[in-house]
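S.K.: Would you mind keeping the following structure in view while I ask a few things?
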Amino acid sequence: MPRMLDVSEDVRAEIGDAEADRLLVGDNAPGSYDCTSCRTPGDSEQERTSTVLFVGDETAVLAFAHATCIPSQVVQVAEEQLQGAVRSITGSEQEAQDGLNPEQAVLGITSGLVLIDDELHPALVVEPTGAIARPGTDGSGGDEFLQLLLEQGFHPARQMDQVPEVLHGWSILLAMGQLHAVLQPGTGGGAPVAWWQAHAPLQVTEGWRTAANKSQTVLVYAAPAGSIGQQPREDLLRDALEKAAAGGVLVAAAMPLAGT
């Protein structure tokens, strides 16, 4: 049965006309799917659906999303990140066959202002929804989130009274006053790729945006799942960060601002 699929010209150019046409007539395209943006179920037989092609250095994965969430597009991602996603998908499929239904950990980001030496700094706090395994492993080594970030150049944050060191090659993509992505260096000196990308641009406060535009730098703090939590106020967020720092489970880096 024909699908209500949107296939952008960029996606068509990557997968070829023949594959694109097969998708449109219902071949190689699922009826039901989990939206790659909002993670809720969709049905390409009943609602307009976007084809989203994630492309790494050697791997490409075609995913589907509600057209109301994101348009059909090609998204460049790090090969390591894409391979991890493939392993998560195939592992989840096997576990589902075994009667299990695990949730894949995703990175959550909270924006806020932190006060250091009587100056307000724009900050992002990154916390996964679950344990992060090292790519290429089965996860038996436990949560490797902090260690992976340390290997990328983040530094332990022992206290909240010092501005973190700049992590060269990384940047924060802000466009039209909204947060779009955290970018990391591409492999082999290639173009930057998204380490984290918003499913939909995230709104930040006017105060946050003003501070970011003034300093052209954003402070990024990261902690393992369950260390920070969703804090409704910036003072509570600060308290949670200080507690994580005191517990030795907080890493940080300063990143230049890309965009406005």
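Identifiers in this document derive from the order of the structure tokens: chains are assigned A, B, ..., residues are numbered from 1 separately in each chain, and ligands are numbered from 1 in order of occurrence.
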I'd like the contact shell of A:Gln147 - 10 Å cut-off, only C-alpha atoms, skipping same-chain residues fewer than 5 positions apart - returned as an MDAnalysis selection string.

M.R.: chainID A and resid 134 152 154 251

S.K.: Tell me which protein, DNA and RNA residues are within 9 Å of A:Ala245, counting only C-alpha atoms, leaving out same-chain ones fewer than 5 positions away, and put them as a ChimeraX atom specification.

M.R.: /A:156-160,223,240,250-251

S.K.: Write to file, as a JSON list (two decimals), in the first residue's frame, the residues of the selection just made, with C-alpha atoms.

M.R.:
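part02.json, freshly written:
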```json
[["chain", "number", "residue", "atom", "x", "y", "z"],
["A", 156, "PRO", "CA", 36.29, 17.16, 36.38],
["A", 157, "ALA", "CA", 34.38, 19.99, 38.07],
["A", 158, "ARG", "CA", 35.26, 19.77, 41.75],
["A", 159, "GLN", "CA", 33.49, 23.00, 42.66],
["A", 160, "MET", "CA", 31.31, 25.63, 41.04],
["A", 223, "ALA", "CA", 26.64, 14.31, 35.11],
["A", 240, "ALA", "CA", 22.19, 20.07, 42.41],
["A", 250, "LEU", "CA", 30.42, 16.36, 37.47],
["A", 251, "VAL", "CA", 32.52, 17.26, 34.43]]
```

S.K.: When you look at A:Leu167 with a cut-off of 7 Å (counting only C-alpha atoms), what residues show up, excluding the ones that are within fewer than 3 positions of it in the same chain? I need them as a list in words.

M.R.: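 Skipping anything fewer than 3 positions along the chain leaves Gly153, Phe154, Trp170, Ala253, Ala254 and Met255 of chain A.
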
S.K.: Restricting it to all heavy atoms, dump the selection as a PDB file, in the first residue's frame.

M.R.:
```pdb
ATOM      1  N   GLY A 153      37.916  15.405  26.357  1.00  0.00           N
ATOM      2  CA  GLY A 153      38.534  16.666  26.744  1.00  0.00           C
ATOM      3  C   GLY A 153      37.820  17.438  27.832  1.00  0.00           C
ATOM      4  O   GLY A 153      38.275  18.513  28.239  1.00  0.00           O
ATOM      5  N   PHE A 154      36.677  16.925  28.323  1.00  0.00           N
ATOM      6  CA  PHE A 154      36.036  17.551  29.478  1.00  0.00           C
ATOM      7  C   PHE A 154      36.939  17.380  30.706  1.00  0.00           C
ATOM      8  O   PHE A 154      37.788  16.487  30.755  1.00  0.00           O
ATOM      9  CB  PHE A 154      34.682  16.897  29.764  1.00  0.00           C
ATOM     10  CG  PHE A 154      33.572  17.331  28.843  1.00  0.00           C
ATOM     11  CD1 PHE A 154      33.534  16.935  27.514  1.00  0.00           C
ATOM     12  CD2 PHE A 154      32.541  18.131  29.314  1.00  0.00           C
ATOM     13  CE1 PHE A 154      32.511  17.328  26.666  1.00  0.00           C
ATOM     14  CE2 PHE A 154      31.506  18.532  28.481  1.00  0.00           C
ATOM     15  CZ  PHE A 154      31.488  18.124  27.156  1.00  0.00           C
ATOM     16  N   TRP A 170      34.775  22.086  19.916  1.00  0.00           N
ATOM     17  CA  TRP A 170      33.360  21.943  20.251  1.00  0.00           C
ATOM     18  C   TRP A 170      32.712  23.326  20.238  1.00  0.00           C
ATOM     19  O   TRP A 170      33.372  24.344  20.466  1.00  0.00           O
ATOM     20  CB  TRP A 170      33.188  21.316  21.638  1.00  0.00           C
ATOM     21  CG  TRP A 170      33.573  19.873  21.715  1.00  0.00           C
ATOM     22  CD1 TRP A 170      34.808  19.346  21.483  1.00  0.00           C
ATOM     23  CD2 TRP A 170      32.730  18.774  22.070  1.00  0.00           C
ATOM     24  NE1 TRP A 170      34.784  17.983  21.670  1.00  0.00           N
ATOM     25  CE2 TRP A 170      33.535  17.606  22.025  1.00  0.00           C
ATOM     26  CE3 TRP A 170      31.390  18.665  22.416  1.00  0.00           C
ATOM     27  CZ2 TRP A 170      33.020  16.347  22.321  1.00  0.00           C
ATOM     28  CZ3 TRP A 170      30.879  17.415  22.722  1.00  0.00           C
ATOM     29  CH2 TRP A 170      31.681  16.269  22.663  1.00  0.00           C
ATOM     30  N   ALA A 253      33.051  21.882  30.652  1.00  0.00           N
ATOM     31  CA  ALA A 253      33.872  22.492  29.605  1.00  0.00           C
ATOM     32  C   ALA A 253      33.200  23.777  29.165  1.00  0.00           C
ATOM     33  O   ALA A 253      31.980  23.924  29.268  1.00  0.00           O
ATOM     34  CB  ALA A 253      34.047  21.552  28.408  1.00  0.00           C
ATOM     35  N   ALA A 254      33.996  24.728  28.714  1.00  0.00           N
ATOM     36  CA  ALA A 254      33.469  25.943  28.117  1.00  0.00           C
ATOM     37  C   ALA A 254      33.545  25.797  26.605  1.00  0.00           C
ATOM     38  O   ALA A 254      34.538  25.303  26.067  1.00  0.00           O
ATOM     39  CB  ALA A 254      34.267  27.159  28.566  1.00  0.00           C
ATOM     40  N   MET A 255      32.457  26.191  25.908  1.00  0.00           N
ATOM     41  CA  MET A 255      32.400  26.039  24.458  1.00  0.00           C
ATOM     42  C   MET A 255      32.012  27.363  23.814  1.00  0.00           C
ATOM     43  O   MET A 255      31.112  28.060  24.310  1.00  0.00           O
ATOM     44  CB  MET A 255      31.387  24.968  24.069  1.00  0.00           C
ATOM     45  CG  MET A 255      31.696  23.595  24.629  1.00  0.00           C
ATOM     46  SD  MET A 255      30.515  22.339  24.074  1.00  0.00           S
ATOM     47  CE  MET A 255      31.037  20.949  25.104  1.00  0.00           C
TER      48      MET A 255
END
```

S.K.: Using only C-alpha atoms, which of A:Leu113, A:Ala244, A:Thr205, A:Ala194 sits nearest A:Gly56?

M.R.: A:Ala194

S.K.: So how far away is atom CA of A:Leu202 from atom CA of A:Asp118, in Å?

M.R.: 27.0 Å

S.K.: Could you tell me which of A:Val7, A:Val52, A:Ile228, A:Leu23 comes closest to A:Ile70 if we count only C-alpha atoms?

M.R.: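 That would be A:Val52, the residue with the smallest distance to A:Ile70.
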
S.K.: Mind checking which residues fall within 10 Å of A:Asp143, counting only C-alpha atoms, ignoring those fewer than 3 positions away in the same chain, and posting them as a ChimeraX atom specification?

M.R.: /A:130-134,139-140,146-148,224-225

S.K.: If you run DSSP over the backbone, which residues in stretch 85-247 of chain A end up alpha helix (DSSP H)? Put them as number ranges by chain.

M.R.: A: 85-97, 145-152, 206-215, 234-246

S.K.: Hey, what's within 12 Å of A:Leu24 if we count only C-alpha atoms and toss same-chain stuff fewer than 6 positions away? As a ChimeraX atom specification, please?

M.R.: /A:1-8,12,17-18,30-31,44-45,48-51

S.K.: With N, CA and C atoms kept, could you save the residues just selected as an mmCIF file, in the first residue's frame?

M.R.:
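Resulting contents of again.cif:
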```cif
data_model
loop_
_atom_site.group_PDB
_atom_site.id
_atom_site.type_symbol
_atom_site.label_atom_id
_atom_site.label_comp_id
_atom_site.auth_asym_id
_atom_site.auth_seq_id
_atom_site.Cartn_x
_atom_site.Cartn_y
_atom_site.Cartn_z
ATOM 1 N N MET A 1 0.850 -1.195 0.000
ATOM 2 C CA MET A 1 0.000 0.000 0.000
ATOM 3 C C MET A 1 0.885 1.244 0.000
ATOM 4 N N PRO A 2 0.578 2.256 -0.821
ATOM 5 C CA PRO A 2 1.376 3.492 -0.837
ATOM 6 C C PRO A 2 1.416 4.149 0.534
ATOM 7 N N ARG A 3 2.557 4.731 0.827
ATOM 8 C CA ARG A 3 2.737 5.394 2.129
ATOM 9 C C ARG A 3 2.623 6.905 1.958
ATOM 10 N N MET A 4 2.227 7.562 3.023
ATOM 11 C CA MET A 4 2.151 9.023 3.027
ATOM 12 C C MET A 4 3.509 9.576 3.449
ATOM 13 N N LEU A 5 4.511 9.331 2.587
ATOM 14 C CA LEU A 5 5.889 9.681 2.906
ATOM 15 C C LEU A 5 6.327 10.962 2.204
ATOM 16 N N ASP A 6 7.084 11.765 2.929
ATOM 17 C CA ASP A 6 7.789 12.901 2.340
ATOM 18 C C ASP A 6 9.254 12.500 2.201
ATOM 19 N N VAL A 7 9.784 12.571 0.988
ATOM 20 C CA VAL A 7 11.188 12.270 0.725
ATOM 21 C C VAL A 7 11.810 13.528 0.124
ATOM 22 N N SER A 8 12.647 14.209 0.890
ATOM 23 C CA SER A 8 13.242 15.451 0.415
ATOM 24 C C SER A 8 14.232 15.167 -0.717
ATOM 25 N N ARG A 12 16.600 11.931 -1.285
ATOM 26 C CA ARG A 12 16.547 11.213 -2.559
ATOM 27 C C ARG A 12 17.925 11.138 -3.202
ATOM 28 N N ASP A 17 17.030 7.399 -6.731
ATOM 29 C CA ASP A 17 15.635 7.478 -7.163
ATOM 30 C C ASP A 17 14.903 6.150 -6.993
ATOM 31 N N ALA A 18 15.586 5.051 -7.297
ATOM 32 C CA ALA A 18 14.929 3.743 -7.246
ATOM 33 C C ALA A 18 14.472 3.417 -5.832
ATOM 34 N N PRO A 30 8.069 0.977 6.718
ATOM 35 C CA PRO A 30 7.131 0.407 7.687
ATOM 36 C C PRO A 30 5.809 1.143 7.677
ATOM 37 N N GLY A 31 4.742 0.430 8.049
ATOM 38 C CA GLY A 31 3.477 1.116 8.252
ATOM 39 C C GLY A 31 3.562 1.901 9.535
ATOM 40 N N SER A 44 2.596 5.511 8.766
ATOM 41 C CA SER A 44 2.783 6.144 7.463
ATOM 42 C C SER A 44 1.635 5.863 6.503
ATOM 43 N N GLU A 45 0.708 4.976 6.895
ATOM 44 C CA GLU A 45 -0.471 4.739 6.074
ATOM 45 C C GLU A 45 -1.594 5.713 6.413
ATOM 46 N N ARG A 48 0.972 11.928 7.408
ATOM 47 C CA ARG A 48 2.150 12.357 6.661
ATOM 48 C C ARG A 48 3.408 12.074 7.478
ATOM 49 N N THR A 49 4.375 11.441 6.842
ATOM 50 C CA THR A 49 5.579 10.967 7.525
ATOM 51 C C THR A 49 6.828 11.439 6.793
ATOM 52 N N SER A 50 7.811 11.911 7.551
ATOM 53 C CA SER A 50 9.077 12.359 6.978
ATOM 54 C C SER A 50 10.102 11.235 7.004
ATOM 55 N N THR A 51 10.856 11.108 5.913
ATOM 56 C CA THR A 51 12.012 10.207 5.914
ATOM 57 C C THR A 51 13.224 11.026 6.345
#
```

S.K.: For A:Pro122, list every protein, DNA or RNA residue within 9 Å, evaluated using only C-alpha atoms, and leave out those in the same chain fewer than 2 positions away; present the list as an MDAnalysis selection string.

M.R.: chainID A and resid 111:114 120 124 207:212 215 217:220

S.K.: With only C-alpha atoms as the atoms that count, which of A:Gln216, A:Gln76, A:Gln230, A:Thr129 lies nearest to A:Gly186?

M.R.: A:Gln76
